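Novice: What follows is query_16.cif, made up of mmCIF, C-alpha atoms:
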```
data_upload
#
loop_
_atom_site.label_atom_id
_atom_site.label_comp_id
_atom_site.auth_asym_id
_atom_site.auth_seq_id
_atom_site.Cartn_x
_atom_site.Cartn_y
_atom_site.Cartn_z
CA MET G 1 0.00 0.00 0.00
CA ALA G 2 1.05 3.63 -0.37
CA ASN G 3 2.99 5.17 2.53
CA PHE G 4 2.09 8.19 4.65
CA GLN G 5 4.06 10.69 2.55
CA THR G 6 2.48 9.43 -0.67
CA HIS G 7 -1.02 9.73 0.74
CA LEU G 8 -0.40 13.21 2.08
CA GLY G 9 1.27 14.39 -1.12
CA GLY G 10 -1.44 12.92 -3.34
CA ALA G 11 -4.15 14.54 -1.29
CA ALA G 12 -2.33 17.89 -1.28
CA LEU G 13 -1.97 17.82 -5.07
CA GLY G 14 -5.52 16.64 -5.76
CA GLY G 15 -6.98 19.05 -3.23
CA GLY G 16 -5.04 21.95 -4.68
CA LEU G 17 -6.36 21.23 -8.16
CA VAL G 18 -9.99 20.87 -7.09
CA LEU G 19 -10.08 23.74 -4.59
CA SER G 20 -8.35 26.12 -6.98
CA GLY G 21 -11.22 25.46 -9.39
CA ALA G 22 -13.75 26.15 -6.64
CA LEU G 23 -11.95 29.40 -5.85
CA VAL G 24 -11.76 30.59 -9.46
CA THR G 25 -15.46 29.90 -10.03
CA SER G 26 -16.43 31.71 -6.79
CA LEU G 27 -17.84 28.61 -5.15
CA MET G 28 -15.64 29.42 -2.15
CA THR G 29 -13.70 32.35 -0.76
CA LEU G 30 -9.93 32.15 -0.34
CA ASN G 31 -10.18 31.27 3.37
CA GLU G 32 -12.85 28.65 2.68
CA ALA G 33 -10.76 27.13 -0.13
CA ILE G 34 -7.72 26.90 2.18
CA ALA G 35 -9.87 25.21 4.84
CA GLY G 36 -11.25 22.83 2.22
CA TRP G 37 -7.72 22.02 1.03
CA CYS G 38 -6.73 21.15 4.60
CA LEU G 39 -9.78 18.88 4.82
CA VAL G 40 -8.72 17.12 1.61
CA MET G 41 -5.35 16.37 3.20
CA ILE G 42 -7.00 15.16 6.40
CA GLY G 43 -9.24 12.94 4.30
CA GLY G 44 -6.11 11.71 2.53
CA ILE G 45 -4.80 10.10 5.71
CA LEU G 46 -8.07 9.41 7.55
CA PRO G 47 -8.64 5.85 6.22
CA ASP G 48 -5.48 4.81 8.08
CA ILE G 49 -7.21 5.66 11.36
CA ASP G 50 -7.32 1.90 11.96
CA SER G 51 -3.71 1.32 10.91
CA ASP G 52 -1.38 -1.00 12.81
CA HIS G 53 1.44 1.56 12.51
CA SER G 54 1.26 3.40 15.84
CA ASN G 55 3.32 6.47 14.87
CA VAL G 56 1.07 7.32 11.94
CA VAL G 57 -2.09 6.78 13.99
CA ARG G 58 -0.84 8.87 16.89
CA ALA G 59 0.04 11.72 14.53
CA LEU G 60 -3.40 11.46 12.94
CA PHE G 61 -5.20 11.51 16.28
CA SER G 62 -3.07 14.43 17.43
CA ILE G 63 -4.28 16.35 14.37
CA LEU G 64 -7.88 15.33 14.99
CA GLY G 65 -7.52 16.27 18.65
CA GLY G 66 -6.26 19.70 17.66
CA ILE G 67 -9.21 20.16 15.32
CA ALA G 68 -11.63 19.11 18.08
CA ALA G 69 -10.02 21.60 20.45
CA VAL G 70 -10.31 24.46 17.96
CA LEU G 71 -13.94 23.62 17.15
CA SER G 72 -14.89 23.48 20.82
CA VAL G 73 -13.31 26.87 21.44
CA VAL G 74 -15.04 28.38 18.40
CA ALA G 75 -18.40 26.94 19.45
CA LEU G 76 -18.11 28.27 23.02
CA ALA G 77 -16.33 31.55 22.30
CA ASP G 78 -19.35 33.74 23.13
CA LYS G 79 -20.69 31.56 25.93
CA VAL G 80 -17.93 30.95 28.49
CA PRO G 81 -14.99 32.94 29.92
CA LEU G 82 -11.39 32.44 28.84
CA ALA G 83 -10.64 29.83 31.51
CA GLY G 84 -13.64 27.84 30.31
CA LEU G 85 -12.37 27.97 26.73
CA TRP G 86 -8.97 26.66 27.84
CA LEU G 87 -10.65 23.85 29.75
CA ALA G 88 -12.95 22.98 26.83
CA GLY G 89 -10.08 22.95 24.32
CA THR G 90 -7.83 20.85 26.55
CA THR G 91 -10.61 18.39 27.38
CA SER G 92 -11.56 18.00 23.72
CA PHE G 93 -7.96 17.35 22.71
CA ILE G 94 -7.39 14.74 25.42
CA ALA G 95 -10.72 13.04 24.73
CA VAL G 96 -9.95 12.62 21.02
CA ARG G 97 -6.19 12.05 21.21
CA TYR G 98 -6.32 9.43 23.95
CA GLY G 99 -9.93 8.36 24.49
CA VAL G 100 -11.07 7.95 20.89
CA TRP G 101 -7.61 6.67 19.90
CA TYR G 102 -7.86 3.87 22.46
CA ILE G 103 -11.28 2.84 21.19
CA PHE G 104 -10.04 2.66 17.59
CA ALA G 105 -6.87 0.79 18.56
CA ARG G 106 -8.85 -1.69 20.63
CA PHE G 107 -11.79 -2.46 18.35
CA THR G 108 -10.79 -1.83 14.73
CA VAL G 109 -8.95 -3.90 12.11
CA HIS G 110 -6.83 -2.30 9.39
CA ARG G 111 -8.48 -2.20 5.97
CA GLY G 112 -11.81 -3.07 7.52
CA ILE G 113 -14.88 -0.85 7.58
CA PHE G 114 -12.87 2.39 7.43
CA HIS G 115 -11.34 1.49 4.08
CA SER G 116 -14.69 1.90 2.35
CA LEU G 117 -16.78 4.44 0.50
CA LEU G 118 -19.41 4.19 3.22
CA ALA G 119 -16.92 5.33 5.87
CA GLY G 120 -15.79 8.18 3.62
CA CYS G 121 -19.39 9.37 3.27
CA LEU G 122 -19.87 9.18 7.04
CA PHE G 123 -16.81 11.34 7.72
CA ALA G 124 -17.86 13.75 4.95
CA VAL G 125 -21.34 14.24 6.41
CA PHE G 126 -19.86 14.63 9.89
CA SER G 127 -17.50 17.32 8.55
CA ALA G 128 -20.42 19.12 6.93
CA PHE G 129 -22.30 18.93 10.24
CA LEU G 130 -19.36 20.45 12.17
CA ALA G 131 -18.90 23.21 9.58
CA TYR G 132 -22.61 24.04 9.70
CA ARG G 133 -23.40 23.69 13.41
CA ALA G 134 -20.10 24.42 15.15
CA VAL G 135 -18.39 26.90 12.81
CA GLY G 136 -21.55 28.52 11.42
CA LEU G 137 -20.78 28.27 7.70
CA SER G 138 -23.57 28.39 5.14
CA GLU G 139 -25.35 25.23 4.05
CA GLU G 140 -23.63 25.24 0.65
CA VAL G 141 -20.13 25.85 1.97
CA SER G 142 -20.62 23.29 4.74
CA TRP G 143 -21.39 20.63 2.15
CA LEU G 144 -18.36 21.77 0.15
CA MET G 145 -16.24 21.11 3.23
CA GLY G 146 -17.70 17.63 3.52
CA VAL G 147 -17.10 16.95 -0.17
CA SER G 148 -13.51 18.18 0.20
CA LEU G 149 -12.83 15.62 2.90
CA LEU G 150 -14.48 12.91 0.80
CA ILE G 151 -12.21 13.77 -2.15
CA GLY G 152 -9.14 13.22 0.04
CA TYR G 153 -10.63 9.98 1.34
CA LEU G 154 -11.17 8.70 -2.21
CA ILE G 155 -7.64 9.69 -3.22
CA HIS G 156 -6.30 7.58 -0.34
CA LEU G 157 -8.34 4.52 -1.30
CA LEU G 158 -7.39 4.81 -4.97
CA LEU G 159 -3.70 5.17 -4.17
CA ASP G 160 -3.80 2.03 -2.02
CA GLU G 161 -5.43 0.11 -4.86
CA CYS G 162 -2.85 1.39 -7.34
CA TYR G 163 -0.07 0.16 -5.05
CA SER G 164 -1.71 -3.27 -5.05
CA VAL G 165 -0.59 -3.67 -8.67
CA ASP G 166 3.04 -4.70 -9.06
CA LEU G 167 4.01 -3.19 -12.41
CA THR G 168 7.55 -4.58 -12.19
CA ASN G 169 6.46 -8.19 -12.22
CA VAL G 170 3.14 -7.40 -13.94
CA ARG G 171 1.02 -9.07 -11.30
CA ILE G 172 -1.83 -8.28 -8.95
CA LYS G 173 -1.01 -8.48 -5.25
CA ARG G 174 -3.27 -10.30 -2.82
CA SER G 175 -4.16 -6.96 -1.21
CA PHE G 176 -5.92 -5.84 -4.41
CA GLY G 177 -9.58 -5.08 -3.74
CA THR G 178 -9.19 -4.63 0.02
CA ALA G 179 -8.48 -0.88 -0.03
CA PHE G 180 -11.40 0.45 -2.08
CA LYS G 181 -14.75 -1.14 -1.34
CA LEU G 182 -18.31 0.07 -0.92
CA PHE G 183 -18.56 -1.29 2.63
CA ASP G 184 -17.08 -4.02 4.82
CA TYR G 185 -18.21 -7.18 3.04
CA HIS G 186 -17.05 -9.39 5.90
CA ASN G 187 -18.83 -7.61 8.74
CA ILE G 188 -22.41 -6.74 7.87
CA GLY G 189 -23.16 -5.77 11.47
CA ASN G 190 -20.61 -2.94 11.40
CA THR G 191 -21.86 -1.89 7.99
CA ILE G 192 -25.47 -1.65 9.18
CA LEU G 193 -24.36 0.31 12.25
CA MET G 194 -22.31 2.76 10.17
CA LEU G 195 -25.10 3.18 7.62
CA SER G 196 -27.60 3.85 10.43
CA LEU G 197 -25.30 6.48 11.92
CA LEU G 198 -24.85 8.10 8.51
CA MET G 199 -28.60 8.30 7.94
CA ALA G 200 -29.16 9.66 11.46
CA LEU G 201 -26.65 12.46 10.84
CA ILE G 202 -28.25 13.36 7.52
CA VAL G 203 -31.77 13.42 8.96
CA THR G 204 -31.06 15.20 12.25
CA VAL G 205 -28.05 17.55 12.35
CA ALA G 206 -26.40 17.79 8.90
CA PRO G 207 -27.19 20.69 6.56
CA PRO G 208 -30.28 20.02 4.43
CA ILE G 209 -29.48 17.25 1.95
CA SER G 210 -31.34 19.19 -0.74
CA GLU G 211 -28.54 21.77 -0.64
CA LEU G 212 -26.04 19.07 -1.54
CA TRP G 213 -28.14 18.11 -4.56
CA TYR G 214 -28.42 21.76 -5.66
CA LEU G 215 -24.67 22.11 -5.23
CA MET G 216 -23.86 19.05 -7.33
CA THR G 217 -26.11 20.31 -10.14
CA ASP G 218 -24.69 23.84 -10.00
CA PRO G 219 -22.99 24.66 -13.36
CA ARG G 220 -20.12 26.21 -11.40
CA VAL G 221 -19.21 22.77 -10.04
CA ARG G 222 -18.74 21.47 -13.58
CA TRP G 223 -16.65 24.52 -14.47
CA SER G 224 -14.54 24.18 -11.33
CA TRP G 225 -13.53 20.66 -12.36
CA GLN G 226 -12.68 21.85 -15.87
CA LYS G 227 -10.67 24.81 -14.60
CA SER G 228 -8.73 22.71 -12.12
CA TRP G 229 -7.47 20.49 -14.93
#
```
Could you take the file, read its structure, and then write that structure out as C-alpha cells?

Specialist:
Amino acid sequence: MANFQTHLGGAALGGGLVLSGALVTSLMTLNEAIAGWCLVMIGGILPDIDSDHSNVVRALFSILGGIAAVLSVVALADKVPLAGLWLAGTTSFIAVRYGVWYIFARFTVHRGIFHSLLAGCLFAVFSAFLAYRAVGLSEEVSWLMGVSLLIGYLIHLLLDECYSVDLTNVRIKRSFGTAFKLFDYHNIGNTILMLSLLMALIVTVAPPISELWYLMTDPRVRWSWQKSW
C-alpha cells in the first residue's frame, strides 16, 4: 500500500487542483478554499485511522484532537470565559487524542470498515455537520467542506489500490480489492451500524441534503472541475 508521505502528497496535489477550481469559479472564498484544502489532506490520511502503525495513527489523532479543540473553542467563544475555553479545548484534545484513539486501537482492524466508500461518506457528512453547526458556515459551503474531505478519502483509497498492482512483475497483489470497497463485506453488522449512523446524521443535524443536490447540479461545479485540470 502507499505510505504516509504518498497519501499526504497525493491529497495535497488533488486538493489543490480541485479547490483552486472552486476558488476561481467563486464557489468558495480564499479562506474557505484553504480550509477545504486542509480537509482534503485530512481525508487523505483518515482511512489509516485503523492502521497497525502506531506512529502514523498517533500523529493522525493528534491532528484530529487539535481540530476538536479548535472547534470546541469556536463553538463556546461567546458563551464561556477564557478559563472555560482553555478547559474545553484541553478536554476535547485529550478526549480525542487518547480516548477515541484507544477505542479505535482496541476495536478496529486495518483495511476493515474504514477502508470503504461508506466510511468516507460518514466522515464527509460529519464534517459538513461540524462546519454548519459548530463553525456557522452556510449550508452550501458546509457541504463543500464535507465533499472536500471525501475527495481526500477517495484519493487515499485509490492510491492504495494502485499500489496493489506490481508493475515490475506485472502481477496483482493479494491486497488488491481490500483498499477500495463500498462497505465491509465481511462484517455486515458494522456496515449496518455505520449506515444507520450516517442516515441519522443526515436526517437530524447535517445541513439540508437538498442543498447538496443543488450544489452538485450547480454549473459552477462542472466549471470548477474543468478549470482545475

Novice: Please compute the CA of Arg58 in chain G-CA of Tyr153 in chain G distance, one decimal, in Å.

Specialist: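 Interatomic distance here is 18.4 Å.
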
Novice: Tell me which residues the PyMOL selection byres ((chain G and resi 65) around 7) grabs here, as a list in words.

Specialist: Phe61, Ser62, Ile63, Leu64, Gly66, Ile67, Ala68, Ala69, Ser92, Phe93, Ile94, Val96 and Arg97 of chain G

Novice: Please evaluate the PyMOL selection byres ((chain G and resi 127-135) around 10) against the displayed coordinates and give the resulting residues as number ranges by chain.

Specialist: G: 39, 68, 70-76, 121-126, 136-150, 201-202, 204-208

Novice: When distances are computed from all atoms listed in the file, which of G:Val40, G:Cys162, G:Ala95, G:Leu85 shows the smallest separation from Gly120 in chain G?

Specialist: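 Among G:Val40, G:Cys162, G:Ala95, G:Leu85, it is G:Val40 that comes nearest to Gly120 in chain G.
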
Novice: Would you please work out which residue, of G:Ile188, G:Ala77, G:Val18, G:Leu117, is nearest to Leu154 in chain G when using only C-alpha atoms?

Specialist: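 Under the stated criterion, the closest residue is G:Leu117.
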
Novice: Find the residue from G:Pro47, G:Gly99, G:Gly152, G:Gly10 that sits nearest to Ala119 in chain G; use all atoms listed in the file when measuring.

Specialist: G:Pro47

Novice: Have a look at CA of Gly89 in chain G and CA of Val57 in chain G and let me know their distance in Å, one decimal.

Specialist: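 Value for the CA of Gly89 in chain G-CA of Val57 in chain G distance: 20.8 Å.
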
Novice: Please measure the separation of CA of Leu60 in chain G and CA of Val203 in chain G, giving the value in Å to one decimal.

Specialist: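 A separation of 28.7 Å between them.
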
Novice: For Ser196 in chain G, which of G:Lys79, G:Ile209, G:Leu118, G:Leu19 is the closest residue, counting all atoms listed in the file?

Specialist: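 Nearest candidate to Ser196 in chain G out of G:Lys79, G:Ile209, G:Leu118, G:Leu19: G:Leu118.
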
Novice: Set the distance at 10 Å and use all atoms listed in the file: which residues neighbour Gly15 in chain G once local chain neighbours fewer than 5 positions away are removed? I'd like the list as a VMD selection string.

Specialist: chain G and resid 9 to 10 20 to 21 33 to 34 36 to 41 43 to 44 148 to 149 151 to 152 155 228

Novice: Translate the PyMOL selection byres ((chain G and resi 26) around 12) into a concrete residue list for this structure, as a list in words.

Specialist: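 With the PyMOL selection byres ((chain G and resi 26) around 12) on this model, the match is Leu19, Ser20, Gly21, Ala22, Leu23, Val24, Thr25, Leu27, Met28, Thr29, Leu30, Asn31, Glu32, Ala33, Val141, Asp218, Pro219, Arg220, Val221, Trp223, Ser224 and Lys227 of chain G.
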
Novice: Rank G:Ala35, G:Ala200, G:Ala11, G:Ile113 by their smallest atom-to-atom distance to His186 in chain G, using all atoms listed in the file, and report the top residue only.

Specialist: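 Among the listed residues, G:Ile113 lies closest to His186 in chain G.
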